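First comes the structure, then the notes that go with it.
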Amino acid sequence: MSMLAYDGTAMLGRQLRRIRNNPGLLILTQTMPITMLLFFGYVFGSALAMPGEQYRSFLVPGLLVATAANGIMTGMFQAAQDAHRGVTDRLRTLPISRAAVPLGQSVADVLVTAAGLAPFLLVGLAVGWRVEGSALRAAGALALLLLFRFATTWIGIFLGLLTGSEEAAGQLGGATFVLPLLSNAYIPAEGLPGWLRALAEWNPISAVTTALRDLFGNAPVPEGAAWPVAHPIAGSLVWCAVLLAVFAPLAVRRYARGED
């Protein structure tokens with residue numbers, strides 16, 4: 001465990017330096033959620049039954065979770081980039097823990113995401129979003145959000161190592177934008193057709209989004225929803241545990257095995 005902590009810290013430093021040396025990607029990932037908030041909040045908000053400010057309060061938690069789900073895309077692209085350029089093979093020859101490299105990448109991603117929350121939340125406050133609950137519940141919401149980002153990053157790392165191609169990772173990563181659309185991140189799921197509502201409510205994004213809305217005090221938990229949405233905090237923790245239990249071992253094993 002001490003070896004993993006030491007090696008993981010070293011890989012964390014490497015990943016943070018890598019992000020610092022690629023400011024374009026960092027700026028894009030930080031500004032995209034703000035752009036979407038302004039676009040969805042003012043364009044879609046005017047077309048929905050909710051009043052504008054009320055919809056923006058509904059939207060901010062959804063966009064936070066949609067951004068966290070993008071850990072799949074960033075994790076996949078960075079892991080595929082390292083594999084495609086031979087960096088992964090060179091790291092694999094070093095006498096370090098096999099879990100250190102993916103762990104360092106996932107922790108660095110969470111730290112960058114945490115830093116990016118501040119400007120997004122400030123813009124959210126400027127457009128009318130407010131924290132209606134207690135400070136403790138708001139802190140719990142942010143912790144849950146970062147845990148979900150951590151879990152989705154491991155999915156991306158595994159898929160990136162599996163593809164081993166920057167081009168394939170870029171194409172597959174673009175498909176991840178569909179995931180928030182099949183959830184309650186942007187619109188309430190109650191108005192969807194039966195089968196589509198069931199699909200949306202069993203989407204992990206819906207559980208985490210509902211949990212954030214509940215913890216921030218922005219919207220009540222919907223009645224008659226599927227279990228993960230009806231019990232959003234417990235449902236979110238279960239989803240995060242399942243994703244980590246499945247994809248963290250798969251990512252480490254794929255990294256250790258290399259190309260077959």
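In the structure tokens, chains take letters A, B, ... by order of appearance, with residues numbered from 1 within each chain and ligands from 1 in the order shown.
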
Quiz item: Looking only at the backbone, which of the residues in segment 97-236 of chain A does DSSP tag as alpha helix (DSSP H), as a ChimeraX atom specification?
Solution: /A:100-126,135-163,166-175,178-181,194-201,204-216,227-230,232-236

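Using only C-alpha atoms for every distance, the candidate list A:Leu103, A:Leu215, A:Cys240, A:Leu16 yields A:Leu215 as the residue closest to Leu142 of chain A.
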
Quiz item: Contacts of Ser206 of chain A at 8 Å or less, counting only C-alpha atoms, minus same-chain residues fewer than 3 places along, as a PyMOL selection string?
Solution: chain A and resi 183-185+200-203+209-210+229

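Residues with any atom within 12 Å of Gln30 of chain A, counting only C-alpha atoms and excluding same-chain neighbours fewer than 6 positions away, are Pro23, Gly24, Met36, Leu64, Thr67, Ala68, Asn70, Val112, Thr113, Ala114, Ala115, Gly116, Leu117, Ala118, Pro119, Phe120 and Leu121 of chain A.
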